[in-house]
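Data from start-v6.cif: mmCIF, C-alpha atoms (C1' of nucleotides)
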data_coords
loop_
_atom_site.label_atom_id
_atom_site.label_comp_id
_atom_site.auth_asym_id
_atom_site.auth_seq_id
_atom_site.Cartn_x
_atom_site.Cartn_y
_atom_site.Cartn_z
CA MET W 1 -17.36 1.95 -38.37
CA GLY W 2 -17.44 -1.82 -38.29
CA PRO W 3 -19.93 -4.23 -36.80
CA LEU W 4 -18.07 -3.85 -33.50
CA ASP W 5 -19.68 -0.57 -32.78
CA SER W 6 -23.07 -1.93 -33.59
CA PHE W 7 -22.85 -4.25 -30.56
CA LEU W 8 -24.77 -2.92 -27.65
CA PRO W 9 -22.50 -4.28 -24.86
CA TYR W 10 -19.59 -2.65 -26.63
CA LEU W 11 -21.34 0.71 -26.84
CA LEU W 12 -22.43 0.41 -23.25
CA ASN W 13 -18.98 -0.49 -22.03
CA ARG W 14 -17.05 2.18 -23.82
CA ALA W 15 -19.46 4.93 -22.78
CA GLY W 16 -19.36 3.73 -19.19
CA ALA W 17 -15.59 3.40 -19.25
CA ARG W 18 -15.10 6.94 -20.44
CA ILE W 19 -17.33 8.48 -17.85
CA ALA W 20 -15.83 6.31 -15.13
CA ALA W 21 -12.26 7.21 -16.09
CA SER W 22 -12.94 10.96 -16.07
CA PHE W 23 -14.94 10.91 -12.90
CA SER W 24 -12.35 8.77 -11.11
CA GLU W 25 -9.58 11.15 -12.00
CA GLU W 26 -11.55 14.18 -10.91
CA VAL W 27 -12.53 12.89 -7.49
CA ARG W 28 -9.09 11.54 -6.68
CA SER W 29 -8.04 14.93 -5.29
CA LEU W 30 -10.88 14.66 -2.78
CA GLY W 31 -9.47 11.36 -1.58
CA ALA W 32 -12.42 9.53 -3.08
CA THR W 33 -12.79 6.84 -5.71
CA LEU W 34 -15.63 6.06 -8.07
CA GLN W 35 -16.52 2.98 -6.05
CA MET W 36 -16.65 5.00 -2.85
CA TRP W 37 -18.97 7.44 -4.53
CA ARG W 38 -21.25 4.57 -5.52
CA VAL W 39 -21.45 3.38 -1.95
CA LEU W 40 -22.00 6.88 -0.61
CA ALA W 41 -24.67 7.57 -3.21
CA ALA W 42 -26.45 4.34 -2.32
CA LEU W 43 -26.33 5.25 1.37
CA ARG W 44 -27.55 8.71 0.55
CA ASP W 45 -30.66 7.13 -0.89
CA ARG W 46 -31.12 5.01 2.17
CA ASP W 47 -28.77 4.79 5.14
CA GLY W 48 -28.19 1.66 7.17
CA ARG W 49 -28.06 -0.86 4.37
CA ARG W 50 -26.64 -4.35 4.46
CA MET W 51 -23.50 -5.35 2.65
CA GLY W 52 -25.38 -7.69 0.36
CA ASP W 53 -27.94 -5.03 -0.42
CA LEU W 54 -25.20 -2.54 -1.23
CA SER W 55 -23.41 -5.10 -3.37
CA GLU W 56 -26.59 -5.64 -5.33
CA THR W 57 -27.33 -1.98 -5.89
CA THR W 58 -23.77 -0.88 -6.64
CA SER W 59 -22.81 -3.90 -8.76
CA ILE W 60 -19.70 -4.30 -6.61
CA GLU W 61 -18.86 -7.89 -5.63
CA VAL W 62 -19.47 -8.53 -1.93
CA SER W 63 -15.88 -9.52 -1.21
CA THR W 64 -14.63 -6.44 -3.02
CA LEU W 65 -17.17 -4.37 -1.14
CA THR W 66 -15.97 -5.72 2.20
CA ARG W 67 -12.49 -4.40 1.53
CA LEU W 68 -13.76 -1.15 0.09
CA VAL W 69 -15.84 -0.61 3.22
CA ASP W 70 -12.75 -1.40 5.32
CA ALA W 71 -11.02 1.49 3.59
CA MET W 72 -14.00 3.79 3.95
CA GLU W 73 -14.27 2.92 7.62
CA GLN W 74 -10.58 3.74 8.06
CA LYS W 75 -11.21 7.09 6.46
CA GLY W 76 -14.10 7.65 8.85
CA LEU W 77 -16.71 7.86 6.11
CA VAL W 78 -18.92 4.99 7.26
CA THR W 79 -19.43 2.74 10.27
CA ARG W 80 -20.43 -0.91 10.50
CA HIS W 81 -23.12 -2.00 12.94
CA ARG W 82 -24.42 -5.50 13.49
CA ASP W 83 -28.09 -5.75 12.72
CA ALA W 84 -29.98 -6.04 16.02
CA GLY W 85 -32.48 -8.46 14.56
CA ASP W 86 -30.10 -10.60 12.52
CA ALA W 87 -26.58 -10.91 13.89
CA ARG W 88 -25.25 -12.21 10.59
CA ALA W 89 -25.99 -8.97 8.82
CA VAL W 90 -23.93 -5.79 8.91
CA MET W 91 -25.60 -2.43 8.53
CA LEU W 92 -23.59 0.38 7.02
CA HIS W 93 -24.11 3.92 8.19
CA VAL W 94 -22.64 7.15 6.87
CA THR W 95 -20.80 9.39 9.30
CA ALA W 96 -20.89 13.18 9.32
CA ALA W 97 -17.60 13.18 7.38
CA GLY W 98 -19.14 10.77 4.90
CA ARG W 99 -22.08 13.07 4.40
CA ARG W 100 -19.80 16.04 3.89
CA LEU W 101 -17.87 14.14 1.23
CA THR W 102 -21.11 13.06 -0.41
CA GLU W 103 -22.23 16.68 -0.62
CA ARG W 104 -18.98 17.58 -2.35
CA LEU W 105 -19.23 14.71 -4.80
CA LEU W 106 -22.83 15.26 -5.73
CA PRO W 107 -22.30 18.44 -7.79
CA ILE W 108 -19.42 16.76 -9.60
CA ALA W 109 -21.63 13.82 -10.47
CA GLU W 110 -24.30 16.20 -11.68
CA ARG W 111 -21.80 18.03 -13.83
CA TYR W 112 -20.67 14.80 -15.44
CA GLU W 113 -24.23 13.89 -16.08
CA ALA W 114 -24.76 17.23 -17.79
CA VAL W 115 -21.64 16.84 -19.94
CA ALA W 116 -22.54 13.29 -20.94
CA LEU W 117 -26.04 14.32 -21.88
CA ALA W 118 -25.15 17.59 -23.58
CA GLY W 119 -27.46 18.15 -26.50
CA PHE W 120 -30.03 15.63 -25.29
CA SER W 121 -33.55 16.91 -24.83
CA ALA W 122 -35.38 16.07 -21.63
CA ALA W 123 -37.45 13.56 -23.55
CA GLU W 124 -34.39 11.90 -25.08
CA THR W 125 -32.77 11.66 -21.68
CA LYS W 126 -35.85 10.12 -20.22
CA THR W 127 -36.07 7.61 -23.06
CA LEU W 128 -32.42 6.66 -22.69
CA LYS W 129 -32.67 6.09 -18.95
CA ALA W 130 -35.84 4.09 -19.34
CA ALA W 131 -34.15 1.95 -21.99
CA LEU W 132 -31.18 1.29 -19.70
CA ARG W 133 -33.45 0.23 -16.85
CA ARG W 134 -35.39 -2.01 -19.16
CA LEU W 135 -32.22 -3.54 -20.51
CA TYR W 136 -31.02 -4.19 -16.99
CA GLY W 137 -34.30 -5.87 -16.22
CA ASN W 138 -34.02 -8.02 -19.33
CA MET W 139 -30.76 -9.46 -18.06
CA GLU W 140 -32.30 -10.44 -14.76
CA GLY W 141 -31.85 -14.07 -13.90
CA LEU W 142 -29.01 -14.35 -16.37
CA GLU W 143 -26.73 -12.90 -13.75
CA ARG W 144 -24.20 -15.20 -12.33
CA MET B 1 -36.08 3.55 -6.32
CA GLY B 2 -34.10 6.53 -5.19
CA PRO B 3 -32.19 9.26 -6.99
CA LEU B 4 -29.34 6.79 -7.42
CA ASP B 5 -31.05 5.10 -10.25
CA SER B 6 -31.71 8.38 -11.94
CA PHE B 7 -27.97 8.84 -12.47
CA LEU B 8 -26.95 7.93 -15.95
CA PRO B 9 -23.45 6.59 -15.14
CA TYR B 10 -25.06 4.34 -12.58
CA LEU B 11 -27.61 3.00 -15.05
CA LEU B 12 -24.91 2.56 -17.65
CA ASN B 13 -22.60 0.75 -15.28
CA ARG B 14 -25.08 -1.68 -13.83
CA ALA B 15 -26.47 -2.62 -17.22
CA GLY B 16 -22.97 -3.13 -18.58
CA ALA B 17 -21.89 -5.06 -15.50
CA ARG B 18 -24.77 -7.49 -15.78
CA ILE B 19 -24.20 -8.24 -19.42
CA ALA B 20 -20.47 -8.52 -18.87
CA ALA B 21 -20.86 -10.92 -15.94
CA SER B 22 -23.21 -13.24 -17.82
CA PHE B 23 -21.21 -13.20 -21.00
CA SER B 24 -17.95 -13.81 -19.15
CA GLU B 25 -19.35 -16.81 -17.40
CA GLU B 26 -20.75 -18.27 -20.57
CA VAL B 27 -17.60 -18.00 -22.65
CA ARG B 28 -15.35 -19.34 -19.93
CA SER B 29 -16.01 -22.89 -21.03
CA LEU B 30 -14.59 -21.97 -24.44
CA GLY B 31 -11.39 -20.83 -22.79
CA ALA B 32 -12.20 -17.25 -23.63
CA THR B 33 -12.73 -14.11 -21.59
CA LEU B 34 -14.79 -11.03 -22.29
CA GLN B 35 -11.65 -9.03 -22.92
CA MET B 36 -10.39 -11.58 -25.41
CA TRP B 37 -13.69 -11.39 -27.22
CA ARG B 38 -13.33 -7.63 -27.42
CA VAL B 39 -9.92 -7.94 -29.00
CA LEU B 40 -11.07 -10.65 -31.40
CA ALA B 41 -14.14 -8.64 -32.37
CA ALA B 42 -11.98 -5.59 -33.03
CA LEU B 43 -9.64 -7.67 -35.18
CA ARG B 44 -12.60 -9.17 -36.97
CA ASP B 45 -13.54 -5.68 -38.05
CA ARG B 46 -10.04 -5.01 -39.22
CA ASP B 47 -7.06 -7.30 -38.86
CA GLY B 48 -3.50 -6.13 -38.34
CA ARG B 49 -4.15 -3.35 -35.88
CA ARG B 50 -1.69 -1.68 -33.57
CA MET B 51 -1.72 -2.12 -29.84
CA GLY B 52 -2.57 1.51 -29.28
CA ASP B 53 -5.35 1.37 -31.80
CA LEU B 54 -6.79 -1.72 -30.15
CA SER B 55 -6.50 -0.13 -26.74
CA GLU B 56 -8.47 2.82 -27.99
CA THR B 57 -11.24 0.84 -29.59
CA THR B 58 -11.60 -1.77 -26.85
CA SER B 59 -11.23 0.63 -23.91
CA ILE B 60 -8.58 -1.69 -22.48
CA GLU B 61 -5.50 0.06 -21.05
CA VAL B 62 -2.41 -0.49 -23.20
CA SER B 63 -0.40 -2.10 -20.43
CA THR B 64 -3.30 -4.41 -19.64
CA LEU B 65 -3.69 -5.13 -23.32
CA THR B 66 -0.02 -6.09 -23.64
CA ARG B 67 -0.46 -8.83 -21.07
CA LEU B 68 -3.80 -9.90 -22.47
CA VAL B 69 -2.22 -10.23 -25.90
CA ASP B 70 0.62 -12.23 -24.29
CA ALA B 71 -2.00 -14.71 -23.10
CA MET B 72 -3.79 -14.76 -26.44
CA GLU B 73 -0.50 -15.31 -28.23
CA GLN B 74 0.25 -18.21 -25.89
CA LYS B 75 -3.12 -19.69 -26.75
CA GLY B 76 -2.29 -19.29 -30.42
CA LEU B 77 -5.16 -16.91 -31.11
CA VAL B 78 -3.14 -13.98 -32.39
CA THR B 79 0.39 -13.15 -33.52
CA ARG B 80 2.47 -10.02 -33.11
CA HIS B 81 4.35 -8.56 -36.06
CA ARG B 82 6.52 -5.48 -36.11
CA ASP B 83 5.18 -2.89 -38.48
CA ALA B 84 7.44 -2.80 -41.55
CA GLY B 85 7.11 0.95 -41.88
CA ASP B 86 7.38 1.87 -38.20
CA ALA B 87 9.47 -0.46 -36.06
CA ARG B 88 8.01 0.92 -32.85
CA ALA B 89 4.56 -0.35 -33.67
CA VAL B 90 3.26 -3.87 -33.26
CA MET B 91 0.58 -5.20 -35.55
CA LEU B 92 -1.74 -7.82 -34.24
CA HIS B 93 -3.06 -10.53 -36.52
CA VAL B 94 -5.61 -13.23 -35.86
CA THR B 95 -4.58 -16.82 -36.49
CA ALA B 96 -6.84 -19.53 -37.94
CA ALA B 97 -7.53 -20.72 -34.39
CA GLY B 98 -8.40 -17.17 -33.41
CA ARG B 99 -10.84 -16.94 -36.27
CA ARG B 100 -12.44 -20.22 -35.30
CA LEU B 101 -12.90 -18.99 -31.75
CA THR B 102 -14.32 -15.73 -33.04
CA GLU B 103 -16.88 -17.61 -35.08
CA ARG B 104 -17.94 -19.53 -32.01
CA LEU B 105 -18.22 -16.40 -29.89
CA LEU B 106 -20.14 -14.38 -32.41
CA PRO B 107 -23.46 -16.24 -32.07
CA ILE B 108 -23.17 -16.04 -28.29
CA ALA B 109 -22.67 -12.30 -28.49
CA GLU B 110 -25.65 -12.04 -30.80
CA ARG B 111 -27.78 -14.02 -28.42
CA TYR B 112 -26.85 -11.75 -25.53
CA GLU B 113 -27.69 -8.77 -27.65
CA ALA B 114 -31.10 -10.28 -28.38
CA VAL B 115 -31.77 -11.02 -24.72
CA ALA B 116 -30.69 -7.56 -23.61
CA LEU B 117 -32.88 -5.92 -26.21
CA ALA B 118 -35.88 -8.20 -25.82
CA GLY B 119 -39.04 -6.21 -26.32
CA PHE B 120 -37.24 -3.31 -27.99
CA SER B 121 -38.51 -2.35 -31.42
CA ALA B 122 -35.98 -1.84 -34.20
CA ALA B 123 -36.50 1.89 -33.88
CA GLU B 124 -35.97 1.87 -30.14
CA THR B 125 -32.80 -0.15 -30.55
CA LYS B 126 -31.51 2.25 -33.13
CA THR B 127 -32.31 5.23 -30.92
CA LEU B 128 -30.58 3.65 -27.94
CA LYS B 129 -27.41 2.85 -29.86
CA ALA B 130 -27.32 6.29 -31.38
CA ALA B 131 -27.70 7.81 -27.93
CA LEU B 132 -24.82 5.75 -26.58
CA ARG B 133 -22.55 6.80 -29.42
CA ARG B 134 -23.51 10.41 -28.90
CA LEU B 135 -22.87 10.13 -25.20
CA TYR B 136 -19.47 8.62 -25.86
CA GLY B 137 -18.69 11.48 -28.19
CA ASN B 138 -19.78 14.00 -25.57
CA MET B 139 -17.17 12.69 -23.18
CA GLU B 140 -14.41 13.11 -25.73
CA GLY B 141 -11.53 15.18 -24.51
CA LEU B 142 -12.56 14.65 -20.92
CA GLU B 143 -10.78 11.32 -21.02
CA ARG B 144 -7.66 11.14 -19.09
"C1'" DT D 1 23.52 14.23 -39.40
"C1'" DC D 2 23.33 14.73 -34.42
"C1'" DG D 3 20.69 15.54 -30.37
"C1'" DA D 4 16.34 16.43 -28.32
"C1'" DT D 5 11.60 15.43 -28.24
"C1'" DT D 6 7.77 12.66 -29.19
"C1'" DT D 7 5.47 8.25 -29.98
"C1'" DA D 8 4.64 3.00 -29.33
"C1'" DT D 9 5.06 -0.66 -26.52
"C1'" DT D 10 6.55 -3.27 -22.61
"C1'" DT D 11 7.81 -4.05 -17.82
"C1'" DG D 12 7.82 -3.16 -12.65
"C1'" DT D 13 5.04 -2.99 -8.95
"C1'" DA D 14 1.23 -2.04 -6.05
"C1'" DA D 15 -3.71 -2.02 -5.72
"C1'" DA D 16 -8.24 -3.86 -7.09
"C1'" DT D 17 -10.93 -7.73 -8.24
"C1'" DG D 18 -13.30 -12.21 -8.05
"C1'" DC D 19 -13.91 -16.88 -6.93
"C1'" DA D 20 -13.88 -20.32 -3.40
"C1'" DA D 21 -13.40 -21.57 1.30
"C1'" DA D 22 -14.10 -20.25 6.07
"C1'" DT D 23 -16.83 -18.32 9.71
"C1'" DA D 24 -20.90 -17.24 12.05
"C1'" DA D 25 -25.72 -16.99 12.86
"C1'" DC D 26 -30.47 -17.91 11.36
"C1'" DG D 27 -34.51 -21.05 10.65
"C1'" DA D 28 -36.96 -25.31 9.80
"C1'" DG D 29 -37.95 -30.12 11.07
"C1'" DG D 30 -37.76 -33.84 13.99
"C1'" DC K 1 -33.82 -27.84 21.74
"C1'" DC K 2 -30.54 -30.02 18.74
"C1'" DT K 3 -29.02 -30.80 13.99
"C1'" DC K 4 -28.97 -29.68 9.21
"C1'" DG K 5 -29.30 -26.78 5.45
"C1'" DT K 6 -29.34 -21.80 4.30
"C1'" DT K 7 -27.92 -17.03 4.45
"C1'" DA K 8 -24.57 -12.96 5.42
"C1'" DT K 9 -20.14 -11.59 5.61
"C1'" DT K 10 -15.25 -12.04 5.67
"C1'" DT K 11 -10.80 -14.03 4.43
"C1'" DG K 12 -7.34 -16.54 1.44
"C1'" DC K 13 -5.32 -16.45 -2.73
"C1'" DA K 14 -4.55 -16.08 -7.55
"C1'" DT K 15 -5.53 -13.05 -11.37
"C1'" DT K 16 -6.39 -8.62 -13.43
"C1'" DT K 17 -5.67 -4.03 -13.63
"C1'" DA K 18 -3.49 0.49 -13.74
"C1'" DC K 19 -0.06 3.97 -13.13
"C1'" DA K 20 4.68 5.05 -13.77
"C1'" DA K 21 9.18 4.06 -15.38
"C1'" DA K 22 11.92 1.85 -18.92
"C1'" DT K 23 12.99 0.77 -23.62
"C1'" DA K 24 13.21 1.55 -28.36
"C1'" DA K 25 12.41 3.82 -32.59
"C1'" DA K 26 10.72 7.71 -35.21
"C1'" DT K 27 10.67 12.72 -36.20
"C1'" DC K 28 11.96 17.39 -35.89
"C1'" DG K 29 15.23 21.15 -36.00
"C1'" DA K 30 19.73 23.18 -35.84
#

Encoding of this model in C-alpha cells:
Amino acid sequence: MGPLDSFLPYLLNRAGARIAASFSEEVRSLGATLQMWRVLAALRDRDGRRMGDLSETTSIEVSTLTRLVDAMEQKGLVTRHRDAGDARAVMLHVTAAGRRLTERLLPIAERYEAVALAGFSAAETKTLKAALRRLYGNMEGLER
Amino acid sequence: MGPLDSFLPYLLNRAGARIAASFSEEVRSLGATLQMWRVLAALRDRDGRRMGDLSETTSIEVSTLTRLVDAMEQKGLVTRHRDAGDARAVMLHVTAAGRRLTERLLPIAERYEAVALAGFSAAETKTLKAALRRLYGNMEGLER
DNA sequence: TCGATTTATTTGTAAATGCAAATAACGAGG
DNA sequence: CCTCGTTATTTGCATTTACAAATAAATCGA
C-alpha cells in the first residue's frame, strides 16, 4: 500500500482495466468486442446517432470509431445512412442481427455489473455512480 | 441520459478516459507519457521492482511494458538489472533523471486529482476510493 | 544430478489506436 | 450566389498494444 494506490486515476484505471479485460474475453466467443458492445449499447439507448455523437458518448476516438463501424458494418450489425438534412453527417442504425447480438450481450454486461458491485448496498452503488458522473463532469473542458 | 450511463463499467471508463486524455496531453511537453508516469509512480513507491510486479500494479501488459521500459531506458529514466538471486527476473531501478522527472510529474498528478475531485468532501473522496478498491477486489480471479 | 515442468521476460507479428491531413458539405457575409 | 471559415467524417501513417511463440533460468521429482 503506497501512495500509488491513493491516486484516483490509478484506482479508476485499474478497476476499469480489470472489468474490461474480463468482459472482452467473455464476449469474444460471440464474435464481439468490448468496443462493439459500447457502440451497440449506445445505439440501444437511441438509434440513428451520428459518428461524432457516438464518439462522444463511447469515448472512442472518431477515427477509431470509423474503422470499428466498418467492421461492424461488415458483420451486418449496423448500417450507415447519410443524414437527410445534413449530408456531412452519417447516421448509424442497428440491424436486426445487431439487435440480436445486443440482447445476448446485455445479460453478460449485467452479470459483470453484479460481480463488480458484489457486497455493495443499493445506496452505496448509487453513491458510487453519482460520484463517477460528477467526476466526469469535473473534467469537462479539460478534455483535449 | 439512457440506461447506458447507468452501467458502471461505462461510467468508470469514460471518467478514466477523460482524465487520461488530459493528463497525457499535459505531460507530453515534458517528454513523458501517462504510461511512463505509471511506471515511475510505481517505482517511487518501491524501487527495484520486477517486470511482472510492475505489470501487475500498473495494469500494463508485460510485453507492452517491456517495450515501454526499452523507451524509458533509452531516455535514461530507468535501468534494468538482473536479479542476483533469480537470473530470470529483471529489476527496474529509477535513475537520477527518472527521479527528477517524477518530481515534476507529481504536482501535475496532484492537480488533476484536485480538479477531478473538486467539490468532493474528504469523506466522499475516501468513500469513493474505498469503493474503487473494493470493486477491483471483486473482480479478482475473473481476470484473464 | 538429469529431465520435465514452471516461471520471468522478451520478441514476432498482427490488430488497434490516435493524430494530422484530406475530403466533403454546411452556413454566414458580402 | 459565390467565397471563406466551420463542421463531420474518413484516410494516411506512425505508434501502441496484445496475444502467442521463443528464450532462458529456476524448481521439482525420480

Can you give chain B as a CSV table (one decimal) with C-alpha atoms, keeping the file's coordinate frame after you superpose it on chain W, pairing all C-alpha atoms in order for the least-squares fit?
chain,number,residue,atom,x,y,z
B,1,MET,CA,-17.0,2.1,-38.1
B,2,GLY,CA,-17.4,-1.6,-38.3
B,3,PRO,CA,-19.9,-4.0,-36.9
B,4,LEU,CA,-18.1,-3.8,-33.5
B,5,ASP,CA,-19.7,-0.5,-32.8
B,6,SER,CA,-23.1,-1.9,-33.6
B,7,PHE,CA,-22.8,-4.2,-30.6
B,8,LEU,CA,-24.8,-2.9,-27.7
B,9,PRO,CA,-22.5,-4.3,-24.9
B,10,TYR,CA,-19.6,-2.6,-26.7
B,11,LEU,CA,-21.3,0.7,-26.9
B,12,LEU,CA,-22.4,0.4,-23.3
B,13,ASN,CA,-19.0,-0.5,-22.0
B,14,ARG,CA,-17.1,2.2,-23.8
B,15,ALA,CA,-19.5,4.9,-22.8
B,16,GLY,CA,-19.4,3.7,-19.2
B,17,ALA,CA,-15.6,3.4,-19.3
B,18,ARG,CA,-15.1,6.9,-20.5
B,19,ILE,CA,-17.3,8.5,-17.9
B,20,ALA,CA,-15.8,6.3,-15.2
B,21,ALA,CA,-12.3,7.2,-16.1
B,22,SER,CA,-12.9,10.9,-16.1
B,23,PHE,CA,-14.9,10.9,-12.9
B,24,SER,CA,-12.4,8.8,-11.1
B,25,GLU,CA,-9.6,11.1,-12.0
B,26,GLU,CA,-11.5,14.1,-10.9
B,27,VAL,CA,-12.5,12.9,-7.5
B,28,ARG,CA,-9.1,11.5,-6.7
B,29,SER,CA,-8.0,14.9,-5.3
B,30,LEU,CA,-10.9,14.6,-2.8
B,31,GLY,CA,-9.5,11.3,-1.6
B,32,ALA,CA,-12.4,9.5,-3.1
B,33,THR,CA,-12.8,6.8,-5.7
B,34,LEU,CA,-15.6,6.0,-8.1
B,35,GLN,CA,-16.5,3.0,-6.0
B,36,MET,CA,-16.7,5.0,-2.8
B,37,TRP,CA,-19.0,7.4,-4.5
B,38,ARG,CA,-21.2,4.6,-5.5
B,39,VAL,CA,-21.5,3.4,-2.0
B,40,LEU,CA,-22.0,6.9,-0.6
B,41,ALA,CA,-24.7,7.6,-3.2
B,42,ALA,CA,-26.5,4.3,-2.3
B,43,LEU,CA,-26.3,5.2,1.4
B,44,ARG,CA,-27.6,8.7,0.6
B,45,ASP,CA,-30.7,7.1,-0.9
B,46,ARG,CA,-31.1,5.0,2.2
B,47,ASP,CA,-28.8,4.8,5.1
B,48,GLY,CA,-28.2,1.7,7.2
B,49,ARG,CA,-28.1,-0.9,4.4
B,50,ARG,CA,-26.6,-4.3,4.5
B,51,MET,CA,-23.5,-5.4,2.7
B,52,GLY,CA,-25.4,-7.7,0.4
B,53,ASP,CA,-27.9,-5.1,-0.4
B,54,LEU,CA,-25.2,-2.6,-1.2
B,55,SER,CA,-23.4,-5.1,-3.3
B,56,GLU,CA,-26.6,-5.7,-5.3
B,57,THR,CA,-27.4,-2.0,-5.9
B,58,THR,CA,-23.8,-0.9,-6.6
B,59,SER,CA,-22.8,-3.9,-8.7
B,60,ILE,CA,-19.7,-4.3,-6.6
B,61,GLU,CA,-18.9,-7.9,-5.6
B,62,VAL,CA,-19.5,-8.5,-1.9
B,63,SER,CA,-15.9,-9.5,-1.2
B,64,THR,CA,-14.7,-6.5,-3.0
B,65,LEU,CA,-17.2,-4.4,-1.1
B,66,THR,CA,-16.0,-5.7,2.2
B,67,ARG,CA,-12.5,-4.4,1.6
B,68,LEU,CA,-13.8,-1.2,0.1
B,69,VAL,CA,-15.8,-0.6,3.2
B,70,ASP,CA,-12.7,-1.4,5.3
B,71,ALA,CA,-11.0,1.5,3.6
B,72,MET,CA,-14.0,3.8,3.9
B,73,GLU,CA,-14.3,2.9,7.6
B,74,GLN,CA,-10.6,3.7,8.0
B,75,LYS,CA,-11.2,7.1,6.4
B,76,GLY,CA,-14.1,7.6,8.8
B,77,LEU,CA,-16.7,7.8,6.1
B,78,VAL,CA,-18.9,5.0,7.3
B,79,THR,CA,-19.4,2.7,10.3
B,80,ARG,CA,-20.4,-0.9,10.5
B,81,HIS,CA,-23.1,-2.0,13.0
B,82,ARG,CA,-24.4,-5.5,13.5
B,83,ASP,CA,-28.1,-5.7,12.8
B,84,ALA,CA,-29.9,-6.0,16.1
B,85,GLY,CA,-32.5,-8.4,14.6
B,86,ASP,CA,-30.1,-10.6,12.6
B,87,ALA,CA,-26.6,-10.9,14.0
B,88,ARG,CA,-25.2,-12.2,10.7
B,89,ALA,CA,-26.0,-8.9,8.9
B,90,VAL,CA,-23.9,-5.8,9.0
B,91,MET,CA,-25.6,-2.4,8.6
B,92,LEU,CA,-23.6,0.4,7.0
B,93,HIS,CA,-24.1,3.9,8.2
B,94,VAL,CA,-22.6,7.2,6.9
B,95,THR,CA,-20.8,9.4,9.3
B,96,ALA,CA,-20.9,13.2,9.3
B,97,ALA,CA,-17.6,13.2,7.4
B,98,GLY,CA,-19.1,10.8,4.9
B,99,ARG,CA,-22.1,13.1,4.4
B,100,ARG,CA,-19.8,16.0,3.8
B,101,LEU,CA,-17.9,14.1,1.2
B,102,THR,CA,-21.1,13.1,-0.4
B,103,GLU,CA,-22.2,16.7,-0.7
B,104,ARG,CA,-19.0,17.6,-2.4
B,105,LEU,CA,-19.2,14.7,-4.8
B,106,LEU,CA,-22.8,15.3,-5.7
B,107,PRO,CA,-22.3,18.4,-7.8
B,108,ILE,CA,-19.4,16.7,-9.6
B,109,ALA,CA,-21.6,13.8,-10.5
B,110,GLU,CA,-24.3,16.2,-11.7
B,111,ARG,CA,-21.8,18.0,-13.8
B,112,TYR,CA,-20.7,14.8,-15.5
B,113,GLU,CA,-24.3,13.9,-16.1
B,114,ALA,CA,-24.8,17.2,-17.8
B,115,VAL,CA,-21.7,16.8,-19.9
B,116,ALA,CA,-22.6,13.3,-20.9
B,117,LEU,CA,-26.1,14.3,-21.9
B,118,ALA,CA,-25.2,17.6,-23.6
B,119,GLY,CA,-27.5,18.2,-26.5
B,120,PHE,CA,-30.0,15.6,-25.3
B,121,SER,CA,-33.6,16.9,-24.8
B,122,ALA,CA,-35.4,16.1,-21.6
B,123,ALA,CA,-37.5,13.6,-23.6
B,124,GLU,CA,-34.4,11.9,-25.1
B,125,THR,CA,-32.8,11.7,-21.7
B,126,LYS,CA,-35.9,10.1,-20.2
B,127,THR,CA,-36.1,7.6,-23.1
B,128,LEU,CA,-32.4,6.7,-22.7
B,129,LYS,CA,-32.7,6.1,-19.0
B,130,ALA,CA,-35.8,4.1,-19.4
B,131,ALA,CA,-34.2,2.0,-22.0
B,132,LEU,CA,-31.2,1.3,-19.7
B,133,ARG,CA,-33.5,0.2,-16.9
B,134,ARG,CA,-35.4,-2.0,-19.2
B,135,LEU,CA,-32.2,-3.5,-20.5
B,136,TYR,CA,-31.0,-4.2,-17.0
B,137,GLY,CA,-34.3,-5.9,-16.2
B,138,ASN,CA,-34.0,-8.0,-19.4
B,139,MET,CA,-30.8,-9.5,-18.1
B,140,GLU,CA,-32.3,-10.5,-14.8
B,141,GLY,CA,-31.9,-14.1,-14.0
B,142,LEU,CA,-29.0,-14.4,-16.4
B,143,GLU,CA,-26.7,-13.0,-13.8
B,144,ARG,CA,-24.4,-15.4,-12.3

Would you translate the PyMOL selection byres ((chain B) within 9 of (chain W)) into the concrete set of residues it matches in this file, as JSON, numbers by chain? {"B": [1, 2, 3, 4, 5, 6, 7, 8, 9, 10, 11, 12, 13, 14, 15, 16, 17, 18, 19, 20, 21, 22, 25, 38, 41, 42, 44, 45, 46, 57, 58, 59, 109, 110, 112, 113, 115, 116, 117, 118, 119, 120, 124, 125, 127, 128, 129, 131, 132, 133, 134, 135, 136, 137, 138, 139, 140, 142, 143, 144]}

Do you have, as a tab-separated table, the list of residues of chain W lying at most 8 Å from chain D, each with its nearest atom pair and that distance in Å to one decimal, counting all atoms listed in the file and ordered by chain then number?
residue	atom	partner	partner_atom	distance
W:Glu61	CA	D:DG18	C1'	7.4
W:Ser63	CA	D:DG18	C1'	7.8
W:Thr64	CA	D:DT17	C1'	6.5
W:Asp86	CA	D:DC26	C1'	7.4
W:Ala87	CA	D:DA25	C1'	6.2
W:Arg88	CA	D:DA25	C1'	5.3

Tell me, as number ranges by chain, which residues lie within 9 Å of Lys75 in chain W, counting all atoms listed in the file; anything in the same chain fewer than 4 positions away does not count. W: 70-71, 97-98

What are the residues of chain K lining chain W at 12 Å or less? Count all atoms listed in the file, and put the answer as JSON, numbers by chain. {"K": [7, 8, 9, 10, 11, 12, 18, 19]}

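As for CA of Val94 in chain B and CA of Gly48 in chain B, they are spaced 7.8 Å apart.
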
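Of note, CA of Leu106 in chain B and CA of Ser55 in chain B are spaced 20.5 Å apart.
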
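The interatomic distance for the pair CA of Gln74 in chain W and CA of Arg111 in chain W works out to 28.4 Å.
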
Close residues, Arg49 in chain B itself excluded, 8 Å, only C-alpha atoms (C1' of nucleotides), min 4 positions apart in chain, as number ranges by chain: B: 43, 53-54, 90-93
